[in-house]
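Enquirer: My file is upload04.cif. It has mmCIF, N, CA and C atoms:
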data_upload
loop_
_atom_site.label_atom_id
_atom_site.label_comp_id
_atom_site.auth_asym_id
_atom_site.auth_seq_id
_atom_site.Cartn_x
_atom_site.Cartn_y
_atom_site.Cartn_z
N MET A 56 51.46 -53.86 30.33
CA MET A 56 52.13 -53.35 29.17
C MET A 56 53.47 -52.74 29.59
N LEU A 57 54.47 -52.98 28.79
CA LEU A 57 55.81 -52.48 29.07
C LEU A 57 55.99 -51.15 28.37
N THR A 58 56.30 -50.11 29.14
CA THR A 58 56.50 -48.78 28.56
C THR A 58 57.98 -48.53 28.32
N ARG A 59 58.28 -47.45 27.64
CA ARG A 59 59.69 -47.12 27.40
C ARG A 59 60.42 -46.84 28.71
N TYR A 60 59.70 -46.31 29.70
CA TYR A 60 60.31 -46.08 31.01
C TYR A 60 60.67 -47.41 31.68
N HIS A 61 59.77 -48.38 31.56
CA HIS A 61 60.05 -49.70 32.12
C HIS A 61 61.31 -50.28 31.49
N VAL A 62 61.39 -50.20 30.18
CA VAL A 62 62.55 -50.73 29.47
C VAL A 62 63.83 -50.03 29.92
N GLN A 63 63.79 -48.71 30.04
CA GLN A 63 64.97 -47.96 30.48
C GLN A 63 65.38 -48.37 31.90
N ILE A 64 64.42 -48.52 32.78
CA ILE A 64 64.71 -48.94 34.16
C ILE A 64 65.28 -50.36 34.17
N LEU A 65 64.64 -51.28 33.45
CA LEU A 65 65.10 -52.66 33.41
C LEU A 65 66.50 -52.76 32.80
N ASP A 66 66.76 -51.99 31.75
CA ASP A 66 68.10 -51.99 31.14
C ASP A 66 69.15 -51.50 32.14
N GLU A 67 68.82 -50.47 32.86
CA GLU A 67 69.77 -49.93 33.85
C GLU A 67 70.00 -50.95 34.97
N LEU A 68 68.95 -51.60 35.43
CA LEU A 68 69.10 -52.62 36.46
C LEU A 68 69.91 -53.81 35.95
N ALA A 69 69.76 -54.14 34.68
CA ALA A 69 70.52 -55.25 34.09
C ALA A 69 72.02 -54.95 34.09
N GLU A 70 72.36 -53.68 34.01
CA GLU A 70 73.77 -53.27 34.03
C GLU A 70 74.36 -53.33 35.44
N HIS A 71 73.52 -53.33 36.45
CA HIS A 71 73.96 -53.34 37.85
C HIS A 71 73.50 -54.64 38.51
N LYS A 72 74.25 -55.69 38.27
CA LYS A 72 73.84 -57.02 38.74
C LYS A 72 73.73 -57.12 40.26
N ALA A 73 74.53 -56.34 40.97
CA ALA A 73 74.48 -56.37 42.44
C ALA A 73 73.36 -55.50 42.99
N GLY A 74 72.69 -54.77 42.11
CA GLY A 74 71.61 -53.90 42.54
C GLY A 74 72.04 -52.45 42.55
N ILE A 75 71.06 -51.56 42.67
CA ILE A 75 71.33 -50.13 42.62
C ILE A 75 70.30 -49.42 43.49
N SER A 76 70.73 -48.36 44.13
CA SER A 76 69.80 -47.59 44.96
C SER A 76 68.93 -46.71 44.06
N PHE A 77 67.84 -46.23 44.64
CA PHE A 77 66.95 -45.38 43.86
C PHE A 77 67.66 -44.13 43.38
N ASN A 78 68.43 -43.48 44.26
CA ASN A 78 69.12 -42.24 43.86
C ASN A 78 70.06 -42.46 42.69
N LYS A 79 70.81 -43.55 42.73
CA LYS A 79 71.74 -43.84 41.63
C LYS A 79 70.98 -44.18 40.35
N LEU A 80 69.87 -44.89 40.49
CA LEU A 80 69.05 -45.21 39.32
C LEU A 80 68.47 -43.95 38.71
N ALA A 81 67.91 -43.08 39.54
CA ALA A 81 67.33 -41.82 39.05
C ALA A 81 68.41 -40.97 38.37
N GLU A 82 69.62 -40.96 38.94
CA GLU A 82 70.72 -40.19 38.35
C GLU A 82 71.11 -40.78 36.99
N ALA A 83 71.15 -42.10 36.90
CA ALA A 83 71.51 -42.75 35.63
C ALA A 83 70.48 -42.47 34.54
N LEU A 84 69.23 -42.26 34.94
CA LEU A 84 68.16 -42.02 33.96
C LEU A 84 67.87 -40.53 33.78
N ARG A 85 68.66 -39.69 34.42
CA ARG A 85 68.46 -38.24 34.33
C ARG A 85 68.48 -37.80 32.87
N GLY A 86 67.52 -36.97 32.53
CA GLY A 86 67.40 -36.50 31.15
C GLY A 86 66.48 -37.37 30.31
N ARG A 87 66.25 -38.61 30.76
CA ARG A 87 65.34 -39.50 30.05
C ARG A 87 64.04 -39.67 30.81
N ALA A 88 64.11 -39.51 32.15
CA ALA A 88 62.92 -39.65 32.99
C ALA A 88 63.14 -38.86 34.27
N SER A 89 62.10 -38.21 34.73
CA SER A 89 62.20 -37.45 35.99
C SER A 89 62.24 -38.43 37.16
N ARG A 90 62.66 -37.94 38.31
CA ARG A 90 62.70 -38.77 39.51
C ARG A 90 61.30 -39.29 39.86
N ALA A 91 60.29 -38.45 39.67
CA ALA A 91 58.92 -38.86 39.97
C ALA A 91 58.48 -40.01 39.06
N VAL A 92 58.83 -39.92 37.79
CA VAL A 92 58.47 -40.98 36.84
C VAL A 92 59.23 -42.26 37.19
N VAL A 93 60.52 -42.14 37.50
CA VAL A 93 61.30 -43.32 37.87
C VAL A 93 60.69 -43.98 39.10
N SER A 94 60.34 -43.18 40.10
CA SER A 94 59.74 -43.71 41.32
C SER A 94 58.43 -44.44 41.03
N ARG A 95 57.56 -43.80 40.28
CA ARG A 95 56.25 -44.39 39.97
C ARG A 95 56.40 -45.69 39.17
N GLU A 96 57.23 -45.65 38.14
CA GLU A 96 57.37 -46.83 37.27
C GLU A 96 58.13 -47.95 37.97
N LEU A 97 59.08 -47.60 38.82
CA LEU A 97 59.81 -48.61 39.58
C LEU A 97 58.86 -49.33 40.54
N ARG A 98 57.96 -48.59 41.19
CA ARG A 98 56.96 -49.22 42.06
C ARG A 98 56.09 -50.19 41.28
N LYS A 99 55.72 -49.82 40.06
CA LYS A 99 54.91 -50.72 39.23
C LYS A 99 55.68 -52.00 38.90
N LEU A 100 56.97 -51.87 38.58
CA LEU A 100 57.78 -53.04 38.26
C LEU A 100 57.96 -53.95 39.48
N VAL A 101 58.10 -53.36 40.65
CA VAL A 101 58.20 -54.14 41.88
C VAL A 101 56.87 -54.85 42.14
N ALA A 102 55.75 -54.15 41.97
CA ALA A 102 54.43 -54.74 42.18
C ALA A 102 54.17 -55.91 41.23
N ARG A 103 54.69 -55.81 40.02
CA ARG A 103 54.52 -56.89 39.03
C ARG A 103 55.46 -58.05 39.27
N GLY A 104 56.46 -57.84 40.14
CA GLY A 104 57.40 -58.90 40.45
C GLY A 104 58.59 -58.98 39.50
N LEU A 105 58.77 -57.99 38.64
CA LEU A 105 59.90 -58.00 37.72
C LEU A 105 61.17 -57.51 38.39
N VAL A 106 61.00 -56.70 39.43
CA VAL A 106 62.12 -56.10 40.15
C VAL A 106 61.93 -56.41 41.63
N THR A 107 63.03 -56.67 42.32
CA THR A 107 62.97 -56.87 43.76
C THR A 107 63.55 -55.65 44.47
N ALA A 108 63.04 -55.38 45.64
CA ALA A 108 63.52 -54.28 46.47
C ALA A 108 63.93 -54.85 47.82
N GLU A 109 65.19 -54.64 48.19
CA GLU A 109 65.70 -55.14 49.46
C GLU A 109 66.24 -53.98 50.27
N ARG A 110 66.17 -54.10 51.57
CA ARG A 110 66.77 -53.09 52.45
C ARG A 110 68.28 -53.18 52.33
N ASP A 111 68.92 -52.02 52.27
CA ASP A 111 70.38 -51.96 52.25
C ASP A 111 70.87 -52.19 53.67
N PRO A 112 71.70 -53.22 53.89
CA PRO A 112 72.17 -53.48 55.26
C PRO A 112 73.06 -52.36 55.82
N ARG A 113 73.62 -51.55 54.93
CA ARG A 113 74.51 -50.47 55.38
C ARG A 113 73.77 -49.18 55.70
N HIS A 114 72.51 -49.09 55.25
CA HIS A 114 71.76 -47.85 55.44
C HIS A 114 70.29 -48.21 55.59
N SER A 115 69.71 -47.97 56.74
CA SER A 115 68.37 -48.45 57.04
C SER A 115 67.27 -47.82 56.18
N GLN A 116 67.50 -46.62 55.65
CA GLN A 116 66.46 -45.98 54.85
C GLN A 116 66.58 -46.27 53.35
N ARG A 117 67.68 -46.86 52.95
CA ARG A 117 67.92 -47.09 51.52
C ARG A 117 67.47 -48.49 51.12
N ARG A 118 66.90 -48.59 49.92
CA ARG A 118 66.54 -49.88 49.35
C ARG A 118 67.37 -50.11 48.10
N ILE A 119 67.71 -51.35 47.87
CA ILE A 119 68.48 -51.74 46.70
C ILE A 119 67.53 -52.48 45.75
N PHE A 120 67.53 -52.04 44.50
CA PHE A 120 66.64 -52.63 43.50
C PHE A 120 67.46 -53.50 42.55
N LYS A 121 66.89 -54.68 42.23
CA LYS A 121 67.54 -55.64 41.34
C LYS A 121 66.48 -56.26 40.43
N LEU A 122 66.94 -56.75 39.27
CA LEU A 122 66.06 -57.58 38.47
C LEU A 122 65.81 -58.87 39.23
N ARG A 123 64.65 -59.45 39.05
CA ARG A 123 64.39 -60.71 39.76
C ARG A 123 65.37 -61.77 39.24
N GLY A 124 65.68 -62.73 40.08
CA GLY A 124 66.74 -63.70 39.82
C GLY A 124 66.67 -64.44 38.51
N ASP A 125 65.50 -65.00 38.18
CA ASP A 125 65.41 -65.78 36.95
C ASP A 125 65.55 -64.90 35.71
N LEU A 126 65.11 -63.67 35.78
CA LEU A 126 65.27 -62.75 34.66
C LEU A 126 66.75 -62.40 34.49
N MET A 127 67.45 -62.17 35.58
CA MET A 127 68.87 -61.85 35.51
C MET A 127 69.66 -63.01 34.92
N SER A 128 69.36 -64.25 35.34
CA SER A 128 70.09 -65.40 34.80
C SER A 128 69.75 -65.64 33.33
N THR A 129 68.51 -65.36 32.95
CA THR A 129 68.12 -65.49 31.55
C THR A 129 68.87 -64.48 30.69
N LEU A 130 68.97 -63.25 31.18
CA LEU A 130 69.72 -62.23 30.44
C LEU A 130 71.20 -62.58 30.35
N ALA A 131 71.75 -63.17 31.40
CA ALA A 131 73.15 -63.59 31.36
C ALA A 131 73.36 -64.66 30.29
N ALA A 132 72.39 -65.58 30.16
CA ALA A 132 72.48 -66.62 29.12
C ALA A 132 72.40 -65.99 27.73
N LEU A 133 71.54 -65.00 27.57
CA LEU A 133 71.43 -64.29 26.29
C LEU A 133 72.74 -63.60 25.97
N GLU A 134 73.32 -62.92 26.94
CA GLU A 134 74.58 -62.21 26.74
C GLU A 134 75.68 -63.19 26.33
N ALA A 135 75.71 -64.36 26.96
CA ALA A 135 76.73 -65.36 26.65
C ALA A 135 76.58 -65.85 25.21
N GLU A 136 75.35 -66.11 24.80
CA GLU A 136 75.12 -66.54 23.42
C GLU A 136 75.45 -65.44 22.42
N ALA A 137 74.98 -64.26 22.71
CA ALA A 137 75.12 -63.15 21.77
C ALA A 137 76.56 -62.63 21.70
N SER A 138 77.35 -62.85 22.72
CA SER A 138 78.72 -62.35 22.70
C SER A 138 79.54 -63.02 21.61
N LYS A 139 79.06 -64.13 21.10
CA LYS A 139 79.74 -64.82 20.01
C LYS A 139 79.67 -64.03 18.71
N LEU A 140 78.84 -62.98 18.68
CA LEU A 140 78.74 -62.15 17.48
C LEU A 140 80.09 -61.56 17.10
N ALA A 141 80.92 -61.30 18.06
CA ALA A 141 82.20 -60.65 17.81
C ALA A 141 83.12 -61.54 16.98
N GLU A 142 82.82 -62.82 16.85
CA GLU A 142 83.67 -63.72 16.09
C GLU A 142 83.60 -63.44 14.60
N GLY A 143 82.60 -62.68 14.15
CA GLY A 143 82.55 -62.13 12.81
C GLY A 143 82.22 -63.10 11.69
N GLY A 144 82.06 -62.49 10.51
CA GLY A 144 81.75 -63.26 9.32
C GLY A 144 80.26 -63.45 9.13
N LEU A 145 79.85 -63.56 7.87
CA LEU A 145 78.44 -63.68 7.54
C LEU A 145 77.83 -64.99 8.04
N GLU A 146 78.45 -66.11 7.70
CA GLU A 146 77.87 -67.41 8.06
C GLU A 146 77.78 -67.61 9.58
N PRO A 147 78.86 -67.33 10.33
CA PRO A 147 78.72 -67.49 11.79
C PRO A 147 77.66 -66.55 12.38
N THR A 148 77.56 -65.34 11.84
CA THR A 148 76.57 -64.39 12.35
C THR A 148 75.15 -64.88 12.06
N LEU A 149 74.91 -65.36 10.85
CA LEU A 149 73.58 -65.89 10.51
C LEU A 149 73.24 -67.10 11.37
N LYS A 150 74.22 -67.96 11.59
CA LYS A 150 74.01 -69.14 12.43
C LYS A 150 73.65 -68.70 13.85
N LEU A 151 74.34 -67.70 14.34
CA LEU A 151 74.07 -67.21 15.69
C LEU A 151 72.69 -66.56 15.78
N VAL A 152 72.31 -65.80 14.77
CA VAL A 152 70.99 -65.17 14.79
C VAL A 152 69.91 -66.24 14.83
N ARG A 153 70.07 -67.30 14.06
CA ARG A 153 69.12 -68.41 14.11
C ARG A 153 69.08 -69.03 15.51
N ALA A 154 70.26 -69.21 16.10
CA ALA A 154 70.32 -69.78 17.44
C ALA A 154 69.66 -68.86 18.47
N LEU A 155 69.83 -67.55 18.31
CA LEU A 155 69.20 -66.60 19.24
C LEU A 155 67.68 -66.63 19.10
N VAL A 156 67.18 -66.74 17.89
CA VAL A 156 65.73 -66.82 17.68
C VAL A 156 65.19 -68.10 18.34
N LYS A 157 65.88 -69.20 18.14
CA LYS A 157 65.46 -70.46 18.75
C LYS A 157 65.52 -70.35 20.28
N TRP A 158 66.61 -69.75 20.79
CA TRP A 158 66.75 -69.55 22.24
C TRP A 158 65.59 -68.72 22.77
N TYR A 159 65.28 -67.62 22.10
CA TYR A 159 64.18 -66.76 22.57
C TYR A 159 62.86 -67.52 22.58
N ALA A 160 62.60 -68.28 21.54
CA ALA A 160 61.34 -69.03 21.46
C ALA A 160 61.22 -70.01 22.63
N GLU A 161 62.31 -70.66 22.99
CA GLU A 161 62.27 -71.61 24.10
C GLU A 161 62.13 -70.90 25.45
N VAL A 162 62.89 -69.84 25.64
CA VAL A 162 62.88 -69.12 26.92
C VAL A 162 61.55 -68.40 27.12
N ALA A 163 61.00 -67.83 26.07
CA ALA A 163 59.75 -67.08 26.19
C ALA A 163 58.61 -67.97 26.70
N LYS A 164 58.66 -69.25 26.37
CA LYS A 164 57.63 -70.17 26.85
C LYS A 164 57.65 -70.30 28.37
N ALA A 165 58.83 -70.13 28.96
CA ALA A 165 58.97 -70.30 30.41
C ALA A 165 58.37 -69.14 31.19
N PHE A 166 58.22 -67.99 30.55
CA PHE A 166 57.71 -66.81 31.23
C PHE A 166 56.27 -66.55 30.80
N LYS A 167 55.37 -66.54 31.75
CA LYS A 167 53.96 -66.32 31.45
C LYS A 167 53.62 -64.84 31.33
N ASP A 168 54.38 -64.01 31.99
CA ASP A 168 54.13 -62.57 32.00
C ASP A 168 54.51 -61.95 30.65
N GLU A 169 53.56 -61.36 29.98
CA GLU A 169 53.80 -60.77 28.66
C GLU A 169 54.83 -59.64 28.74
N ALA A 170 54.84 -58.90 29.82
CA ALA A 170 55.83 -57.82 29.97
C ALA A 170 57.24 -58.39 30.01
N LEU A 171 57.41 -59.50 30.69
CA LEU A 171 58.72 -60.14 30.74
C LEU A 171 59.15 -60.60 29.36
N ARG A 172 58.24 -61.21 28.64
CA ARG A 172 58.57 -61.66 27.28
C ARG A 172 58.89 -60.46 26.39
N ALA A 173 58.16 -59.37 26.57
CA ALA A 173 58.44 -58.16 25.78
C ALA A 173 59.83 -57.62 26.09
N TYR A 174 60.22 -57.67 27.36
CA TYR A 174 61.55 -57.18 27.71
C TYR A 174 62.65 -58.09 27.15
N LEU A 175 62.45 -59.40 27.22
CA LEU A 175 63.42 -60.32 26.63
C LEU A 175 63.52 -60.11 25.12
N ARG A 176 62.38 -59.85 24.49
CA ARG A 176 62.36 -59.57 23.05
C ARG A 176 63.17 -58.31 22.77
N HIS A 177 62.99 -57.29 23.59
CA HIS A 177 63.74 -56.04 23.45
C HIS A 177 65.25 -56.30 23.52
N ARG A 178 65.67 -57.08 24.52
CA ARG A 178 67.11 -57.36 24.67
C ARG A 178 67.64 -58.17 23.49
N ALA A 179 66.86 -59.14 23.02
CA ALA A 179 67.29 -59.93 21.87
C ALA A 179 67.40 -59.05 20.62
N LEU A 180 66.46 -58.12 20.45
CA LEU A 180 66.52 -57.21 19.30
C LEU A 180 67.75 -56.33 19.33
N LEU A 181 68.20 -55.96 20.52
CA LEU A 181 69.45 -55.19 20.61
C LEU A 181 70.62 -55.98 20.04
N TRP A 182 70.64 -57.28 20.35
CA TRP A 182 71.72 -58.12 19.81
C TRP A 182 71.56 -58.34 18.31
N PHE A 183 70.34 -58.46 17.82
CA PHE A 183 70.14 -58.59 16.38
C PHE A 183 70.63 -57.34 15.66
N ASP A 184 70.36 -56.19 16.26
CA ASP A 184 70.83 -54.94 15.67
C ASP A 184 72.35 -54.92 15.61
N ARG A 185 73.01 -55.38 16.66
CA ARG A 185 74.48 -55.44 16.65
C ARG A 185 74.96 -56.39 15.55
N ALA A 186 74.27 -57.51 15.38
CA ALA A 186 74.65 -58.46 14.34
C ALA A 186 74.55 -57.83 12.96
N LEU A 187 73.48 -57.10 12.71
CA LEU A 187 73.31 -56.44 11.41
C LEU A 187 74.40 -55.41 11.15
N ARG A 188 74.81 -54.73 12.19
CA ARG A 188 75.88 -53.72 12.03
C ARG A 188 77.23 -54.36 11.73
N LEU A 189 77.40 -55.61 12.12
CA LEU A 189 78.66 -56.31 11.84
C LEU A 189 78.76 -56.75 10.38
N LEU A 190 77.63 -56.89 9.73
CA LEU A 190 77.63 -57.38 8.34
C LEU A 190 78.01 -56.31 7.35
#
Turn this file's structure into structure tokens for me.
Expert:
Amino acid sequence: MLTRYHVQILDELAEHKAGISFNKLAEALRGRASRAVVSRELRKLVARGLVTAERDPRHSQRRIFKLRGDLMSTLAALEAEASKLAEGGLEPTLKLVRALVKWYAEVAKAFKDEALRAYLRHRALLWFDRALRLL
């Protein structure tokens, strides 16, 4: 099950495509989650395979956390499709929302993990919300 902490961590990792250290991640989530919660939930996401942890070549004790590769590329495709929302107007926005729903339906089939599908659904809903605000 995907918790609000998982979503917050995944959203923050999505913003840092090159990866982020634990300290920077905990600082970015300060006020929304304690360091202990970030640590515990990040370990769960790594164990589930949604997040990768790599040793930082510049610092032997530091690990860099990233979204797993296929999830990152899927989010990039969503961002590319959804960025067309800025072109405005009712008809183009409705057409794009239909295209995003179709895109989600196709992409969701590729991911067997329900938590991954839930996270993709969350990201798509953010774009739907932006579309509604444009109308």
Enquirer: May I ask which of the residues A:Ser128, A:Val152, A:Glu67, A:His61 is the closest one to Leu100 of chain A, counting all atoms listed in the file?
Expert: A:His61
Enquirer: Could you check how far atom CA of Leu80 of chain A sits from atom CA of Ile64 of chain A, in Å to one decimal?
Expert: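 Atom CA of Leu80 of chain A sits 7.7 Å away from atom CA of Ile64 of chain A.
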Enquirer: Using DSSP on the backbone, list every residue of segment 62-114 of chain A that comes out as strand (DSSP E), and give them as JSON, numbers by chain.
Expert: {"A": [75, 76, 106, 107, 108, 109, 110, 111, 114]}
Enquirer: Pull out every residue that the PyMOL selection byres ((chain A and resi 119) around 7) matches in the shown coordinates and put them as a list in words.
Expert: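 Residues picked by the PyMOL selection byres ((chain A and resi 119) around 7): Gly74, Ile75, Ser76, Phe77, Thr107, Ala108, Glu109, Arg110, Asp111, Arg117, Arg118, Phe120 and Lys121 of chain A.
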Enquirer: Suppose you want the space between atom N of Thr148 of chain A and atom C of Trp182 of chain A; what is it in Å?
Expert: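 That distance, rounded to one decimal, is 11.3 Å.
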Enquirer: Do you know which residues are at most 8 Å from Gly124 of chain A counting only N, CA and C atoms, after dropping those on the same chain fewer than 6 positions away, and could you put them as a PyMOL selection string?
Expert: chain A and resi 105-107+130
Enquirer: Write out, as a PDB file, in the coordinates of the input, the residues just selected, with N, CA and C atoms.
Expert:
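The result, stored in again-v5.pdb:
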ATOM      1  N   LEU A 105      58.770 -57.990  38.640  1.00  0.00           N
ATOM      2  CA  LEU A 105      59.900 -58.000  37.720  1.00  0.00           C
ATOM      3  C   LEU A 105      61.170 -57.510  38.390  1.00  0.00           C
ATOM      4  N   VAL A 106      61.000 -56.700  39.430  1.00  0.00           N
ATOM      5  CA  VAL A 106      62.120 -56.100  40.150  1.00  0.00           C
ATOM      6  C   VAL A 106      61.930 -56.410  41.630  1.00  0.00           C
ATOM      7  N   THR A 107      63.030 -56.670  42.320  1.00  0.00           N
ATOM      8  CA  THR A 107      62.970 -56.870  43.760  1.00  0.00           C
ATOM      9  C   THR A 107      63.550 -55.650  44.470  1.00  0.00           C
ATOM     10  N   LEU A 130      68.970 -63.250  31.180  1.00  0.00           N
ATOM     11  CA  LEU A 130      69.720 -62.230  30.440  1.00  0.00           C
ATOM     12  C   LEU A 130      71.200 -62.580  30.350  1.00  0.00           C
TER      13      LEU A 130
END
Enquirer: In Å, rounded to a single decimal, give me how far atom CA of Gln116 of chain A is from atom CA of Gln63 of chain A.
Expert: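 Spanning atom CA of Gln63 of chain A to atom CA of Gln116 of chain A is a straight-line distance of 24.5 Å.
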Enquirer: Find the residues of segment 65-141 of chain A that sit at most 12 Å from segment 168-173 of chain A; for each, write down the nearest two atoms and how far apart they are in Å, to one decimal. Count only C-alpha atoms. Sort by chain, then by number going up, and give it as CSV.
Expert:
residue,atom,partner,partner_atom,distance
A:Leu65,CA,A:Leu171,CA,10.2
A:Lys99,CA,A:Ala170,CA,11.7
A:Leu100,CA,A:Ala170,CA,9.8
A:Arg103,CA,A:Asp168,CA,9.0
A:Gly104,CA,A:Asp168,CA,9.8
A:Leu105,CA,A:Leu171,CA,7.4
A:Val106,CA,A:Leu171,CA,10.8
A:Leu122,CA,A:Leu171,CA,11.0
A:Arg123,CA,A:Leu171,CA,10.7
A:Asp125,CA,A:Leu171,CA,10.7
A:Leu126,CA,A:Leu171,CA,8.1
A:Met127,CA,A:Leu171,CA,11.3
A:Thr129,CA,A:Leu171,CA,10.8
A:Leu130,CA,A:Leu171,CA,11.2
Enquirer: Can you check which residues of segment 74-111 of chain A DSSP gives as alpha helix (DSSP H) on the backbone and send them as a list in words?
Expert: Phe77, Asn78, Lys79, Leu80, Ala81, Glu82, Ala83, Arg90, Ala91, Val92, Val93, Ser94, Arg95, Glu96, Leu97, Arg98, Lys99, Leu100, Val101, Ala102 and Arg103 of chain A
Enquirer: My list of candidates is A:Arg85, A:Lys150, A:Arg178, A:Lys167. Which is closest to Asp66 of chain A when distances are computed with only C-alpha atoms?
Expert: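 Checking each of A:Arg85, A:Lys150, A:Arg178, A:Lys167 against Asp66 of chain A, counting only C-alpha atoms, the winner is A:Arg178.
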